[in-house]
>>> print(open('input_5.txt').read())   # compact mmCIF, C-alpha atoms
# COMPACT_ATOMS: atom_id res chain seq x y z
CA MET Z 1 -23.63 3.67 6.00
CA GLU Z 2 -22.38 0.63 4.12
CA THR Z 3 -24.40 1.26 0.97
CA ILE Z 4 -25.53 4.32 -0.88
CA SER Z 5 -29.18 4.17 -1.84
CA GLY Z 6 -29.57 7.56 -3.44
CA LYS Z 7 -27.40 9.77 -5.62
CA PRO Z 8 -26.67 13.42 -4.72
CA THR Z 9 -27.73 16.09 -7.13
CA SER Z 10 -24.34 17.77 -7.44
CA PHE Z 11 -20.67 16.89 -7.55
CA LEU Z 12 -19.99 18.73 -4.28
CA GLN Z 13 -22.74 16.84 -2.46
CA ASP Z 14 -21.45 13.60 -3.91
CA TRP Z 15 -17.90 14.32 -2.74
CA VAL Z 16 -19.03 15.34 0.74
CA LEU Z 17 -21.18 12.23 1.11
CA GLU Z 18 -18.40 9.91 -0.06
CA THR Z 19 -15.91 11.55 2.31
CA GLN Z 20 -18.34 11.34 5.21
CA ASN Z 21 -19.12 7.65 4.63
CA LEU Z 22 -15.44 6.78 4.19
CA THR Z 23 -14.52 8.63 7.39
CA VAL Z 24 -17.22 6.85 9.39
CA LEU Z 25 -16.14 3.48 8.02
CA SER Z 26 -12.50 4.24 8.88
CA ILE Z 27 -13.35 5.19 12.46
CA ARG Z 28 -15.52 2.12 12.95
CA ALA Z 29 -12.83 -0.14 11.50
CA ILE Z 30 -10.13 1.32 13.77
CA LEU Z 31 -12.33 1.01 16.85
CA SER Z 32 -13.18 -2.58 15.91
CA LEU Z 33 -9.50 -3.51 16.15
CA PHE Z 34 -9.63 -3.01 19.93
CA ARG Z 35 -12.78 -4.86 20.91
CA ARG Z 36 -13.83 -8.48 20.97
CA PRO Z 37 -14.30 -10.82 19.22
CA LEU Z 38 -10.92 -10.60 17.51
CA TYR Z 39 -11.52 -13.03 14.61
CA LEU Z 40 -7.92 -14.20 14.67
CA ARG Z 41 -8.43 -16.84 12.00
CA GLU Z 42 -9.77 -14.33 9.50
CA THR Z 43 -6.94 -11.95 10.37
CA PHE Z 44 -4.22 -14.55 9.79
CA ASP Z 45 -5.89 -15.63 6.56
CA GLN Z 46 -5.79 -12.04 5.31
CA MET Z 47 -2.17 -11.65 6.39
CA ASP Z 48 -1.35 -14.73 4.34
CA ILE Z 49 -3.24 -13.43 1.31
CA ILE Z 50 -1.84 -9.91 1.48
CA GLY Z 51 1.69 -10.70 2.69
CA VAL Z 52 2.74 -14.15 1.50
CA GLY Z 53 0.65 -13.93 -1.65
CA SER Z 54 2.33 -10.68 -2.72
CA VAL Z 55 5.95 -11.71 -2.06
CA THR Z 56 6.76 -12.87 -5.59
CA ILE Z 57 5.38 -9.86 -7.43
CA THR Z 58 6.94 -7.51 -4.88
CA MET Z 59 10.37 -9.09 -5.33
CA LEU Z 60 10.13 -8.91 -9.11
CA THR Z 61 9.04 -5.29 -8.98
CA GLY Z 62 11.82 -4.34 -6.56
CA PHE Z 63 14.56 -6.22 -8.40
CA PHE Z 64 13.90 -4.74 -11.83
CA SER Z 65 13.22 -1.27 -10.41
CA GLY Z 66 16.63 -1.30 -8.76
CA ALA Z 67 18.23 -2.69 -11.91
CA VAL Z 68 16.72 -0.05 -14.19
CA MET Z 69 17.53 2.73 -11.73
CA THR Z 70 21.15 1.60 -11.62
CA LEU Z 71 21.41 1.63 -15.41
CA GLN Z 72 19.98 5.14 -15.67
CA THR Z 73 21.84 6.54 -12.67
CA ALA Z 74 25.23 5.18 -13.71
CA LYS Z 75 24.84 6.63 -17.18
CA SER Z 76 23.95 10.06 -15.85
CA LEU Z 77 26.68 10.09 -13.18
CA GLY Z 78 29.24 8.86 -15.70
CA SER Z 79 29.05 12.25 -17.43
CA PHE Z 80 30.41 13.84 -14.23
CA GLY Z 81 32.85 11.09 -13.32
CA ALA Z 82 30.80 10.17 -10.25
CA VAL Z 83 29.82 6.58 -11.01
CA GLY Z 84 30.89 5.61 -7.49
CA TYR Z 85 27.79 7.33 -6.10
CA THR Z 86 25.46 4.99 -7.97
CA GLY Z 87 24.86 2.78 -4.94
CA THR Z 88 24.09 5.80 -2.77
CA ILE Z 89 21.44 7.20 -5.08
CA VAL Z 90 19.83 3.82 -5.71
CA SER Z 91 19.61 2.84 -2.05
CA VAL Z 92 18.43 6.22 -0.77
CA THR Z 93 15.82 6.57 -3.51
CA LEU Z 94 14.49 3.06 -2.97
CA ILE Z 95 14.30 3.27 0.80
CA ARG Z 96 12.96 6.81 0.99
CA GLU Z 97 10.48 6.87 -1.83
CA LEU Z 98 10.39 4.27 -4.56
CA GLY Z 99 10.18 1.15 -2.41
CA PRO Z 100 7.14 2.20 -0.33
CA VAL Z 101 5.25 3.65 -3.29
CA LEU Z 102 5.92 0.77 -5.68
CA THR Z 103 4.98 -1.79 -3.05
CA ALA Z 104 1.78 0.05 -2.23
CA VAL Z 105 0.77 0.34 -5.88
CA VAL Z 106 1.44 -3.36 -6.47
CA VAL Z 107 -0.55 -4.36 -3.39
CA ALA Z 108 -3.37 -2.00 -4.39
CA GLY Z 109 -3.61 -3.67 -7.78
CA ARG Z 110 -3.40 -7.20 -6.47
CA VAL Z 111 -5.07 -7.04 -3.04
CA GLY Z 112 -7.22 -3.92 -3.10
CA SER Z 113 -9.13 -5.14 -6.13
CA GLY Z 114 -9.61 -8.54 -4.51
CA ILE Z 115 -10.99 -6.99 -1.32
CA ALA Z 116 -13.48 -4.88 -3.25
CA SER Z 117 -14.65 -7.76 -5.45
CA GLU Z 118 -14.95 -10.21 -2.56
CA ILE Z 119 -16.96 -7.90 -0.30
CA GLY Z 120 -18.97 -6.60 -3.25
CA SER Z 121 -19.93 -10.14 -4.23
CA MET Z 122 -20.97 -10.87 -0.65
CA LEU Z 123 -23.09 -7.73 -0.62
CA VAL Z 124 -24.97 -8.37 -3.86
CA SER Z 125 -25.54 -12.01 -2.88
CA GLU Z 126 -27.09 -10.93 0.46
CA GLN Z 127 -24.41 -12.63 2.58
CA ILE Z 128 -23.71 -9.44 4.50
CA ASN Z 129 -27.40 -9.01 5.30
CA ALA Z 130 -27.40 -12.60 6.54
CA MET Z 131 -24.50 -11.72 8.88
CA ARG Z 132 -26.49 -8.86 10.34
CA ALA Z 133 -29.50 -11.11 10.80
CA LEU Z 134 -27.31 -13.50 12.80
CA GLY Z 135 -26.03 -10.66 14.99
CA THR Z 136 -22.56 -10.42 13.41
CA ASP Z 137 -21.03 -7.01 12.73
CA PRO Z 138 -19.77 -6.98 9.11
CA ILE Z 139 -17.32 -4.18 9.91
CA LYS Z 140 -15.76 -6.24 12.70
CA LYS Z 141 -15.66 -9.52 10.78
CA LEU Z 142 -14.84 -8.33 7.25
CA VAL Z 143 -13.22 -4.89 7.43
CA ALA Z 144 -11.12 -4.99 10.62
CA PRO Z 145 -9.10 -8.14 9.73
CA ARG Z 146 -8.25 -6.74 6.30
CA VAL Z 147 -7.25 -3.37 7.72
CA PHE Z 148 -5.00 -4.93 10.37
CA ALA Z 149 -3.43 -7.33 7.83
CA SER Z 150 -2.67 -4.50 5.41
CA ILE Z 151 -1.19 -2.23 8.06
CA THR Z 152 1.16 -4.99 9.27
CA MET Z 153 2.10 -6.71 5.99
CA VAL Z 154 2.69 -3.76 3.65
CA PRO Z 155 5.69 -2.56 5.74
CA VAL Z 156 7.15 -6.09 5.61
CA LEU Z 157 6.72 -6.20 1.83
CA THR Z 158 8.28 -2.74 1.56
CA VAL Z 159 11.43 -3.84 3.43
CA LEU Z 160 11.63 -6.87 1.15
CA CYS Z 161 11.22 -4.67 -1.93
CA ASP Z 162 14.00 -2.36 -0.72
CA MET Z 163 16.42 -5.21 -0.11
CA VAL Z 164 15.73 -6.92 -3.41
CA GLY Z 165 15.90 -3.58 -5.23
CA VAL Z 166 19.37 -2.86 -3.86
CA MET Z 167 20.44 -6.37 -4.84
CA GLY Z 168 19.03 -5.82 -8.32
CA GLY Z 169 21.10 -2.68 -8.59
CA PHE Z 170 24.13 -4.60 -7.36
CA PHE Z 171 23.60 -7.27 -10.03
CA VAL Z 172 23.53 -4.68 -12.81
CA ALA Z 173 26.39 -2.66 -11.35
CA TYR Z 174 28.70 -5.68 -11.06
CA PHE Z 175 27.82 -7.89 -14.02
CA ILE Z 176 26.86 -5.27 -16.61
CA LEU Z 177 28.48 -1.97 -15.67
CA ARG Z 178 31.58 -3.55 -14.07
CA ILE Z 179 31.40 -1.35 -10.99
CA SER Z 180 33.34 -2.65 -8.01
CA PRO Z 181 30.95 -4.54 -5.71
CA THR Z 182 32.72 -3.13 -2.65
CA LEU Z 183 32.31 0.40 -3.96
CA TYR Z 184 28.63 -0.10 -4.72
CA LEU Z 185 27.71 -1.73 -1.41
CA THR Z 186 29.81 0.66 0.67
CA SER Z 187 28.30 3.74 -0.94
CA ALA Z 188 24.81 2.24 -0.63
CA TYR Z 189 25.25 1.67 3.11
CA ASP Z 190 27.38 4.56 4.30
CA GLN Z 191 25.16 7.37 3.05
CA LEU Z 192 21.95 6.05 4.63
CA THR Z 193 20.75 7.98 7.67
CA TYR Z 194 18.09 7.38 10.30
CA SER Z 195 15.87 9.97 8.63
CA ASP Z 196 15.94 7.89 5.44
CA LEU Z 197 14.82 4.82 7.36
CA VAL Z 198 12.13 6.80 9.17
CA GLN Z 199 10.71 8.06 5.88
CA GLY Z 200 10.77 4.57 4.44
CA LEU Z 201 9.00 2.98 7.41
CA ILE Z 202 6.36 5.60 8.22
CA LYS Z 203 4.68 5.53 4.83
CA PRO Z 204 3.90 1.79 4.36
CA PRO Z 205 1.42 1.45 7.29
CA ILE Z 206 -0.46 4.51 6.03
CA PHE Z 207 -0.49 3.15 2.49
CA GLY Z 208 -1.68 -0.21 3.79
CA PHE Z 209 -4.56 1.42 5.62
CA ILE Z 210 -5.54 3.36 2.50
CA ILE Z 211 -5.53 0.23 0.33
CA SER Z 212 -7.63 -1.86 2.70
CA ILE Z 213 -10.15 0.79 3.73
CA ILE Z 214 -10.75 1.91 0.15
CA GLY Z 215 -11.15 -1.69 -0.99
CA CYS Z 216 -13.65 -2.39 1.79
CA TYR Z 217 -15.52 0.85 1.20
CA CYS Z 218 -15.89 0.26 -2.53
CA GLY Z 219 -17.05 -3.29 -1.83
CA LEU Z 220 -19.63 -2.18 0.75
CA ARG Z 221 -21.14 0.39 -1.61
CA THR Z 222 -21.54 -2.05 -4.50
CA TYR Z 223 -24.87 -2.00 -6.32
CA GLY Z 224 -26.10 -3.32 -9.64
CA GLY Z 225 -25.27 -7.01 -9.40
CA THR Z 226 -22.19 -8.50 -11.04
CA GLU Z 227 -21.68 -5.40 -13.17
CA GLY Z 228 -21.50 -3.36 -10.00
CA VAL Z 229 -18.83 -5.69 -8.59
CA GLY Z 230 -16.60 -4.96 -11.58
CA ARG Z 231 -17.25 -1.25 -11.22
CA SER Z 232 -16.35 -1.33 -7.52
CA THR Z 233 -13.15 -3.24 -8.26
CA THR Z 234 -12.02 -0.64 -10.78
CA GLN Z 235 -12.91 2.23 -8.46
CA SER Z 236 -10.95 0.61 -5.64
CA VAL Z 237 -7.72 0.32 -7.63
CA VAL Z 238 -7.96 3.79 -9.17
CA THR Z 239 -8.89 5.54 -5.92
CA SER Z 240 -6.26 3.71 -3.87
CA THR Z 241 -3.51 4.52 -6.38
CA VAL Z 242 -4.42 8.20 -6.52
CA LEU Z 243 -4.64 8.49 -2.72
CA ILE Z 244 -1.28 6.74 -2.34
CA PHE Z 245 0.46 9.37 -4.47
CA VAL Z 246 -1.43 12.26 -2.89
CA SER Z 247 -0.75 11.10 0.66
CA ASP Z 248 2.87 10.39 -0.24
CA PHE Z 249 3.37 14.04 -1.15
CA PHE Z 250 1.93 15.35 2.10
CA ILE Z 251 3.70 12.76 4.27
CA THR Z 252 7.03 13.54 2.59
CA ARG Z 253 6.49 17.26 3.04
CA LEU Z 254 5.61 16.82 6.72
CA ILE Z 255 8.60 14.57 7.41
CA LEU Z 256 11.03 16.96 5.72
CA VAL Z 257 9.66 19.87 7.74
CA LEU Z 258 9.92 17.96 11.02
CA ILE Z 259 13.33 16.40 10.38
>>> encode(input="input_5.txt", output="structure tokens")
Amino acid sequence: METISGKPTSFLQDWVLETQNLTVLSIRAILSLFRRPLYLRETFDQMDIIGVGSVTITMLTGFFSGAVMTLQTAKSLGSFGAVGYTGTIVSVTLIRELGPVLTAVVVAGRVGSGIASEIGSMLVSEQINAMRALGTDPIKKLVAPRVFASITMVPVLTVLCDMVGVMGGFFVAYFILRISPTLYLTSAYDQLTYSDLVQGLIKPPIFGFIISIIGCYCGLRTYGGTEGVGRSTTQSVVTSTVLIFVSDFFITRLILVLI
């Protein structure tokens, strides 16, 4: 299941096989989260790599996204004399949509590629086969800690991105556009609803799972030596990014229907 030894003869067969293998890996990874051994050290190491290691780039992305959004929004609303709603639009857009997606894309580029390259290197160097020979389940030891770390840390990074993004918008609104800070912060807070927070907090765990499971899957199907590791890394980032946007559409549609 971890590697693909043969190539299907058609695109449809290839797609079905990839989907089947990814589904099996996902199920095994989820089930591994609830059985011993827990590999707590590996899990905390991954939480440090994914969470703490991504704080700086997440803050920079959130700050300048909020700043640019404030510049564009204030200019557009100024034509209608509604500059006071700048904080509302910036905060709602960041919390509902932009914060989770931007954070996920950043983590996919930084962490997803690292997961694929690390596991791929272990596969081509026969380290994973050595684990099996010693009676260790590679899915339990390598995949499960990364999945759990991504599911738990991506929401934390998303909240951080949202907060810094709103502060970036506040910086631009006050120091560049000369909008009253009270007006900006009040409008940013008063118009938020529980449904906005629900949308902003449901997506990150799903995005985190996508990033980690795709990174692990691409790493476990690596072939062709060091060249294959680079190929798996690229596939991991591209596939994760595409699935993030696709899943975001369906999650948003489902939430809007339910709420």
>>> closest_atom_pairs(input="input_5.txt", of="segment 127-157 of chain Z", to="segment 50-56 of chain Z", cutoff="8 Å", atoms="all atoms listed in the file", output="tab-separated table")
residue	atom	partner	partner_atom	distance
Z:Ala149	CA	Z:Ile50	CA	7.0
Z:Ser150	CA	Z:Ile50	CA	6.7
Z:Met153	CA	Z:Gly51	CA	5.2
Z:Val154	CA	Z:Gly51	CA	7.1
Z:Val156	CA	Z:Gly51	CA	7.7
Z:Leu157	CA	Z:Val55	CA	6.8
>>> atom_distance(input="input_5.txt", atom1="atom CA of Arg28 of chain Z", atom2="atom CA of Ile139 of chain Z")
7.2 Å
>>> closest_residue(input="input_5.txt", among="Z:Ile251, Z:Ile27, Z:Leu12, Z:Leu220", to="Ser121 of chain Z", atoms="all atoms listed in the file")
Z:Leu220
>>> residues_around(input="input_5.txt", residues="Gly165 of chain Z", least_positions_apart="4", cutoff="9 Å", atoms="all atoms listed in the file", output="ChimeraX atom specification")
/Z:59-67,90-91,94,99,160-161,169-170
>>> atom_distance(input="input_5.txt", atom1="atom CA of Leu71 of chain Z", atom2="atom CA of Pro100 of chain Z")
20.8 Å
>>> atom_distance(input="input_5.txt", atom1="atom CA of Ser125 of chain Z", atom2="atom CA of Cys216 of chain Z")
16.0 Å
>>> closest_residue(input="input_5.txt", among="Z:Tyr39, Z:Trp15, Z:Tyr194, Z:Tyr223", to="Asp137 of chain Z", atoms="only C-alpha atoms")
Z:Tyr39
>>> closest_residue(input="input_5.txt", among="Z:Met131, Z:Leu31, Z:Ile210, Z:Ile202", to="Val238 of chain Z", atoms="all atoms listed in the file")
Z:Ile210
>>> closest_residue(input="input_5.txt", among="Z:Gly78, Z:Gly208, Z:Pro37, Z:Gly84", to="Thr186 of chain Z", atoms="all atoms listed in the file")
Z:Gly84
>>> residues_near_point(input="input_5.txt", point="(-8.8, -8.7, -6.3)", cutoff="12 Å", atoms="only C-alpha atoms", output="JSON, numbers by chain")
{"Z": [49, 50, 53, 54, 106, 107, 108, 109, 110, 111, 112, 113, 114, 115, 116, 117, 118, 119, 120, 121, 211, 212, 215, 216, 219, 229, 230, 232, 233, 234, 235, 236, 237]}
>>> closest_residue(input="input_5.txt", among="Z:Ser32, Z:Thr86, Z:Ser195, Z:Thr23", to="Ser180 of chain Z", atoms="only C-alpha atoms")
Z:Thr86
>>> residues_around(input="input_5.txt", residues="Lys140 of chain Z", least_positions_apart="5", cutoff="8 Å", atoms="only C-alpha atoms", output="PyMOL selection string")
chain Z and resi 29+32-33+145
>>> closest_residue(input="input_5.txt", among="Z:Ala74, Z:Ile30, Z:Ile95, Z:Val16", to="Leu192 of chain Z", atoms="all atoms listed in the file")
Z:Ile95
>>> decode(input="input_5.txt", residues="segment 171-185 of chain Z", atoms="N, CA, C and O atoms", output="JSON list (two decimals), in the first residue's frame")
[["chain", "number", "residue", "atom", "x", "y", "z"],
["Z", 171, "PHE", "N", -3.11, 48.88, 11.75],
["Z", 171, "PHE", "CA", -1.91, 49.70, 11.54],
["Z", 171, "PHE", "C", -2.07, 50.59, 10.31],
["Z", 171, "PHE", "O", -1.80, 51.79, 10.34],
["Z", 172, "VAL", "N", -2.53, 49.99, 9.21],
["Z", 172, "VAL", "CA", -2.71, 50.76, 7.97],
["Z", 172, "VAL", "C", -3.84, 51.77, 8.13],
["Z", 172, "VAL", "O", -3.73, 52.92, 7.69],
["Z", 173, "ALA", "N", -4.94, 51.32, 8.74],
["Z", 173, "ALA", "CA", -6.09, 52.22, 8.90],
["Z", 173, "ALA", "C", -5.74, 53.46, 9.73],
["Z", 173, "ALA", "O", -6.17, 54.57, 9.40],
["Z", 174, "TYR", "N", -4.95, 53.28, 10.78],
["Z", 174, "TYR", "CA", -4.66, 54.39, 11.68],
["Z", 174, "TYR", "C", -3.51, 55.26, 11.19],
["Z", 174, "TYR", "O", -3.62, 56.49, 11.14],
["Z", 175, "PHE", "N", -2.40, 54.64, 10.81],
["Z", 175, "PHE", "CA", -1.20, 55.41, 10.49],
["Z", 175, "PHE", "C", -1.14, 55.87, 9.04],
["Z", 175, "PHE", "O", -0.43, 56.84, 8.74],
["Z", 176, "ILE", "N", -1.85, 55.23, 8.14],
["Z", 176, "ILE", "CA", -1.78, 55.61, 6.73],
["Z", 176, "ILE", "C", -3.08, 56.25, 6.25],
["Z", 176, "ILE", "O", -3.06, 57.31, 5.63],
["Z", 177, "LEU", "N", -4.20, 55.62, 6.56],
["Z", 177, "LEU", "CA", -5.49, 56.12, 6.08],
["Z", 177, "LEU", "C", -6.15, 57.10, 7.05],
["Z", 177, "LEU", "O", -7.16, 57.70, 6.71],
["Z", 178, "ARG", "N", -5.61, 57.21, 8.27],
["Z", 178, "ARG", "CA", -6.12, 58.13, 9.28],
["Z", 178, "ARG", "C", -7.56, 57.84, 9.66],
["Z", 178, "ARG", "O", -8.37, 58.76, 9.91],
["Z", 179, "ILE", "N", -7.90, 56.57, 9.71],
["Z", 179, "ILE", "CA", -9.22, 56.16, 10.20],
["Z", 179, "ILE", "C", -9.16, 56.06, 11.71],
["Z", 179, "ILE", "O", -8.17, 55.59, 12.28],
["Z", 180, "SER", "N", -10.22, 56.49, 12.36],
["Z", 180, "SER", "CA", -10.25, 56.44, 13.82],
["Z", 180, "SER", "C", -10.03, 55.02, 14.32],
["Z", 180, "SER", "O", -10.71, 54.09, 13.86],
["Z", 181, "PRO", "N", -9.09, 54.82, 15.24],
["Z", 181, "PRO", "CA", -8.86, 53.46, 15.75],
["Z", 181, "PRO", "C", -10.08, 52.87, 16.45],
["Z", 181, "PRO", "O", -10.35, 51.68, 16.35],
["Z", 182, "THR", "N", -10.84, 53.72, 17.14],
["Z", 182, "THR", "CA", -12.06, 53.23, 17.80],
["Z", 182, "THR", "C", -13.08, 52.76, 16.78],
["Z", 182, "THR", "O", -13.72, 51.71, 16.96],
["Z", 183, "LEU", "N", -13.21, 53.51, 15.70],
["Z", 183, "LEU", "CA", -14.15, 53.14, 14.65],
["Z", 183, "LEU", "C", -13.75, 51.83, 14.00],
["Z", 183, "LEU", "O", -14.59, 50.95, 13.78],
["Z", 184, "TYR", "N", -12.48, 51.67, 13.72],
["Z", 184, "TYR", "CA", -12.01, 50.45, 13.07],
["Z", 184, "TYR", "C", -12.21, 49.23, 13.96],
["Z", 184, "TYR", "O", -12.77, 48.21, 13.54],
["Z", 185, "LEU", "N", -11.76, 49.32, 15.20],
["Z", 185, "LEU", "CA", -11.84, 48.17, 16.10],
["Z", 185, "LEU", "C", -13.28, 47.84, 16.48],
["Z", 185, "LEU", "O", -13.65, 46.66, 16.60]]
